[in-house]
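Student: Data file data_24.pdb (PDB, C-alpha atoms and all ligand atoms) is appended below.
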```pdb
ATOM      1  CA  MET A 566     115.939  73.184  81.203  1.00  0.00           C
ATOM      2  CA  GLY A 567     116.407  72.227  84.883  1.00  0.00           C
ATOM      3  CA  TYR A 568     119.037  73.428  87.275  1.00  0.00           C
ATOM      4  CA  GLN A 569     121.720  75.774  85.982  1.00  0.00           C
ATOM      5  CA  ALA A 570     124.958  76.569  87.824  1.00  0.00           C
ATOM      6  CA  VAL A 571     124.987  80.323  88.383  1.00  0.00           C
ATOM      7  CA  THR A 572     127.724  81.055  90.907  1.00  0.00           C
ATOM      8  CA  THR A 573     129.613  79.532  93.816  1.00  0.00           C
ATOM      9  CA  LEU A 574     129.398  79.688  97.591  1.00  0.00           C
ATOM     10  CA  ASP A 575     132.844  81.321  97.495  1.00  0.00           C
ATOM     11  CA  ALA A 576     131.387  84.175  95.452  1.00  0.00           C
ATOM     12  CA  LEU A 577     128.136  84.649  97.405  1.00  0.00           C
ATOM     13  CA  TRP A 578     128.945  84.933 101.077  1.00  0.00           C
ATOM     14  CA  SER A 579     126.435  84.920 103.893  1.00  0.00           C
ATOM     15  CA  GLY A 580     124.603  88.241 103.953  1.00  0.00           C
ATOM     16  CA  GLU A 581     125.251  88.957 100.289  1.00  0.00           C
ATOM     17  CA  MET A 582     123.035  89.085  97.234  1.00  0.00           C
ATOM     18  CA  ALA A 583     123.873  89.087  93.558  1.00  0.00           C
ATOM     19  CA  ALA A 584     122.040  89.463  90.287  1.00  0.00           C
ATOM     20  CA  CYS A 585     122.318  87.031  87.397  1.00  0.00           C
ATOM     21  CA  ALA A 586     120.373  85.965  84.337  1.00  0.00           C
ATOM     22  CA  VAL A 587     119.123  82.426  83.805  1.00  0.00           C
ATOM     23  CA  GLU A 588     117.359  81.441  80.595  1.00  0.00           C
ATOM     24  CA  GLY A 589     116.460  85.054  79.936  1.00  0.00           C
ATOM     25  CA  LYS A 590     115.043  85.677  83.409  1.00  0.00           C
ATOM     26  CA  ARG A 591     116.560  88.135  85.842  1.00  0.00           C
ATOM     27  CA  VAL A 592     117.364  86.437  89.130  1.00  0.00           C
ATOM     28  CA  VAL A 593     118.521  87.783  92.478  1.00  0.00           C
ATOM     29  CA  LEU A 594     120.445  85.269  94.584  1.00  0.00           C
ATOM     30  CA  ILE A 595     120.599  85.736  98.331  1.00  0.00           C
ATOM     31  CA  ASN A 596     122.680  83.938 100.947  1.00  0.00           C
ATOM     32  CA  ILE A 597     120.966  84.134 104.333  1.00  0.00           C
ATOM     33  CA  ASP A 598     123.260  82.508 106.884  1.00  0.00           C
ATOM     34  CA  GLY A 599     124.099  79.760 104.409  1.00  0.00           C
ATOM     35  CA  GLU A 600     120.554  79.292 103.101  1.00  0.00           C
ATOM     36  CA  ILE A 601     120.357  80.182  99.431  1.00  0.00           C
ATOM     37  CA  ARG A 602     117.269  81.849  98.006  1.00  0.00           C
ATOM     38  CA  ALA A 603     116.550  82.911  94.448  1.00  0.00           C
ATOM     39  CA  TYR A 604     113.790  85.249  93.320  1.00  0.00           C
ATOM     40  CA  GLU A 605     112.871  87.001  90.143  1.00  0.00           C
ATOM     41  CA  ASP A 606     114.935  90.187  90.264  1.00  0.00           C
ATOM     42  CA  ILE A 607     111.888  92.379  89.812  1.00  0.00           C
ATOM     43  CA  CYS A 608     110.152  94.337  92.531  1.00  0.00           C
ATOM     44  CA  PRO A 609     106.402  93.599  92.483  1.00  0.00           C
ATOM     45  CA  HIS A 610     105.706  97.301  92.934  1.00  0.00           C
ATOM     46  CA  MET A 611     107.087  98.935  89.789  1.00  0.00           C
ATOM     47  CA  ARG A 612     109.390  96.232  88.447  1.00  0.00           C
ATOM     48  CA  THR A 613     112.778  97.712  89.280  1.00  0.00           C
ATOM     49  CA  PRO A 614     115.615  95.305  90.171  1.00  0.00           C
ATOM     50  CA  LEU A 615     115.481  94.058  93.749  1.00  0.00           C
ATOM     51  CA  SER A 616     119.227  93.450  93.582  1.00  0.00           C
ATOM     52  CA  ARG A 617     119.761  97.228  93.785  1.00  0.00           C
ATOM     53  CA  GLY A 618     118.132  97.223  97.215  1.00  0.00           C
ATOM     54  CA  VAL A 619     119.608  96.888 100.676  1.00  0.00           C
ATOM     55  CA  LEU A 620     119.841  93.536 102.463  1.00  0.00           C
ATOM     56  CA  HIS A 621     119.975  93.302 106.262  1.00  0.00           C
ATOM     57  CA  GLY A 622     119.825  89.699 107.404  1.00  0.00           C
ATOM     58  CA  ALA A 623     116.667  88.281 105.845  1.00  0.00           C
ATOM     59  CA  VAL A 624     115.131  91.701 105.158  1.00  0.00           C
ATOM     60  CA  LEU A 625     115.469  93.264 101.725  1.00  0.00           C
ATOM     61  CA  THR A 626     114.414  96.863 101.123  1.00  0.00           C
ATOM     62  CA  CYS A 627     113.775  97.915  97.543  1.00  0.00           C
ATOM     63  CA  ALA A 628     115.952 100.861  96.572  1.00  0.00           C
ATOM     64  CA  THR A 629     113.256 102.547  94.538  1.00  0.00           C
ATOM     65  CA  HIS A 630     110.368 103.221  96.941  1.00  0.00           C
ATOM     66  CA  GLY A 631     111.300 101.275 100.057  1.00  0.00           C
ATOM     67  CA  TRP A 632     108.986  98.281  99.958  1.00  0.00           C
ATOM     68  CA  VAL A 633     110.320  95.693 102.442  1.00  0.00           C
ATOM     69  CA  PHE A 634     110.435  91.904 101.987  1.00  0.00           C
ATOM     70  CA  ASP A 635     111.267  88.879 104.118  1.00  0.00           C
ATOM     71  CA  VAL A 636     113.558  87.030 101.726  1.00  0.00           C
ATOM     72  CA  ARG A 637     113.486  83.823 103.768  1.00  0.00           C
ATOM     73  CA  ALA A 638     109.786  83.404 102.959  1.00  0.00           C
ATOM     74  CA  GLY A 639     109.511  85.640  99.890  1.00  0.00           C
ATOM     75  CA  CYS A 640     106.694  87.650 101.437  1.00  0.00           C
ATOM     76  CA  GLY A 641     106.148  91.329 101.950  1.00  0.00           C
ATOM     77  CA  ILE A 642     106.700  92.946 105.319  1.00  0.00           C
ATOM     78  CA  ASN A 643     105.533  96.349 104.101  1.00  0.00           C
ATOM     79  CA  PRO A 644     103.182  96.052 102.338  1.00  0.00           C
ATOM     80  CA  LYS A 645     102.204  92.602 103.608  1.00  0.00           C
ATOM     81  CA  GLN A 646     100.327  91.563 100.459  1.00  0.00           C
ATOM     82  CA  ALA A 647     103.428  91.851  98.236  1.00  0.00           C
ATOM     83  CA  CYS A 648     105.031  88.585  97.150  1.00  0.00           C
ATOM     84  CA  LEU A 649     108.295  87.764  95.462  1.00  0.00           C
ATOM     85  CA  THR A 650     108.500  85.138  92.739  1.00  0.00           C
ATOM     86  CA  PRO A 651     110.734  82.325  94.031  1.00  0.00           C
ATOM     87  CA  PHE A 652     112.859  79.929  92.015  1.00  0.00           C
ATOM     88  CA  ALA A 653     114.163  76.541  93.112  1.00  0.00           C
ATOM     89  CA  THR A 654     117.762  76.475  94.327  1.00  0.00           C
ATOM     90  CA  ALA A 655     120.250  73.737  95.079  1.00  0.00           C
ATOM     91  CA  VAL A 656     123.865  73.510  96.141  1.00  0.00           C
ATOM     92  CA  ARG A 657     126.181  70.933  94.570  1.00  0.00           C
ATOM     93  CA  GLY A 658     129.595  71.034  96.159  1.00  0.00           C
ATOM     94  CA  ASN A 659     130.582  74.682  95.899  1.00  0.00           C
ATOM     95  CA  GLU A 660     128.157  75.461  93.082  1.00  0.00           C
ATOM     96  CA  ILE A 661     124.863  77.279  93.488  1.00  0.00           C
ATOM     97  CA  LEU A 662     122.208  76.134  91.031  1.00  0.00           C
ATOM     98  CA  VAL A 663     118.883  77.678  90.093  1.00  0.00           C
ATOM     99  CA  ASP A 664     115.936  76.252  88.198  1.00  0.00           C
ATOM    100  CA  VAL A 665     113.807  79.094  86.857  1.00  0.00           C
ATOM    101  CA  GLY A 666     111.215  76.556  85.738  1.00  0.00           C
ATOM    102  CA  GLN A 667     110.372  75.663  89.335  1.00  0.00           C
ATOM    103  CA  SER A 668     108.991  77.731  92.192  1.00  0.00           C
ATOM    104  CA  GLY A 669     110.739  77.017  95.481  1.00  0.00           C
ATOM    105  CA  GLY A 670     112.518  73.688  95.471  1.00  0.00           C
ATOM    106  CA  THR A 671     115.366  71.522  96.605  1.00  0.00           C
ATOM    107  CA  GLN A 672     117.161  73.764  99.027  1.00  0.00           C
ATOM    108  CA  SER A 673     114.892  76.765  99.027  1.00  0.00           C
ATOM    109  CA  THR A 674     112.045  76.720 101.475  1.00  0.00           C
ATOM    110  CA  ALA A 675     110.559  79.863 100.011  1.00  0.00           C
ATOM    111  CA  LEU A 676     106.816  79.732 100.026  1.00  0.00           C
ATOM    112  CA  PRO A 677     104.990  79.417  96.729  1.00  0.00           C
ATOM    113  CA  HIS A 678     103.717  82.728  95.443  1.00  0.00           C
ATOM    114  CA  GLU A 679     100.113  82.106  96.419  1.00  0.00           C
ATOM    115  CA  GLU A 680     100.982  81.453 100.072  1.00  0.00           C
ATOM    116  CA  CYS A 681     102.055  85.032 100.691  1.00  0.00           C
ATOM    117  CA  ALA A 682      99.855  87.661 102.338  1.00  0.00           C
TER
HETATM  118  S1  LIG A 701     109.740  99.559  92.689  1.00  0.00           S
HETATM  119 FE1  LIG A 701     110.255  98.557  94.551  1.00  0.00          FE
HETATM  120  S2  LIG A 701     109.219  99.696  96.046  1.00  0.00           S
HETATM  121 FE2  LIG A 701     108.651 100.672  94.187  1.00  0.00          FE
END
```
Written as structure tokens, that's how I'd like the structure from this file.
Tutor:
Amino acid sequence: MGYQAVTTLDALWSGEMAACAVEGKRVVLINIDGEIRAYEDICPHMRTPLSRGVLHGAVLTCATHGWVFDVRAGCGINPKQACLTPFATAVRGNEILVDVGQSGGTQSTALPHEECA
């Protein structure tokens, strides 16, 4: 299906995250100092929504059991072997777009899943 507009830069400020659904997939969008990242909104531990967690800079802590992720790279900090599933993002004017059919992508520099750990 390609890129889908999901929100705007006006609605997702630096330091914020937001949940959305794209083509039936749950997505968490994160604005890290103007860099947009998108991941599957599912914690790799026990599949609760990452968007319920706490974001400090580029560090996201899952609300359920406290696993910690570097959301710039999509990799686990604790535990290190945990990986997030990235989606490609792009910005067109004020719009934020996500392609859930692609890992990483145009604007995102998130590492592919297999590069974690
Ligand atoms: S479900 Fe996220 S740390 Fe357990």
Student: Quick one: residues within 10 Å of stretch 662-664 of chain A, all atoms listed in the file counted, chain neighbours fewer than 5 positions away excluded, as a list in words?
Tutor: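 Listed by chain and then number, they are Met566, Gly567, Tyr568, Gln569, Ala570, Val571, Thr572, Thr573, Val587, Glu588, Val592, Leu594, Ile601, Arg602, Ala603, Tyr604, Pro651, Phe652, Ala653, Thr654, Ala655, Val656, Arg657, Gly669, Gly670, Thr671, Gln672 and Ser673 of chain A.
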Student: Tell me which residues come within 8 Å of (111.9, 99.7, 96.7), as a PyMOL selection string, counting all atoms listed in the file in the file's coordinates.
Tutor: chain A and resi 608+610+613+615+618+626-633
Student: Given the file shown, determine the residues that the PyMOL selection byres (((chain A and resi 581) around 12) and not hetatm) selects; report them as a PyMOL selection string.
Tutor: chain A and resi 574-580+582-584+593-602+616-625+636
Student: What does the structure give for the distance between atom CA of A:Cys648 and atom CA of A:Asp635, in Å to one decimal?
Tutor: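 Result for atom CA of A:Cys648 versus atom CA of A:Asp635: 9.4 Å, one decimal.
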Student: The centre and edge lengths of an axis-aligned box containing all atoms of ligand LIG 701 (chain A) present in the file, extended by 6 Å on each side, are to be given in Å to one decimal, as lines of an AutoDock Vina configuration file.
Tutor:
```
center_x = 109.5
center_y = 99.6
center_z = 94.4
size_x = 13.6
size_y = 14.1
size_z = 15.4
```
Student: For A:Ser668, which residue out of A:Gln646, A:Arg612, A:Gly639, A:Cys585 is the nearest one, using only C-alpha atoms?
Tutor: A:Gly639
Student: At what distance in Å, to one decimal, does atom CA of A:Asp606 lie from atom S2 of ligand LIG 701 (chain A)?
Tutor: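 Those two atoms sit 12.5 Å apart.
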Student: Considering all atoms listed in the file, can you say which of A:Pro609, A:Gly666, A:Gly641, A:Gly658 comes closest to ligand LIG 701 (chain A)?
Tutor: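 Answer, going by the shortest atom-to-atom distance: A:Pro609.
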Student: To one decimal place in Å, what is the distance between atom S1 of ligand LIG 701 (chain A) and atom CA of A:Ile607?
Tutor: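 Interatomic distance, atom S1 of ligand LIG 701 (chain A) to atom CA of A:Ile607: 8.0 Å.
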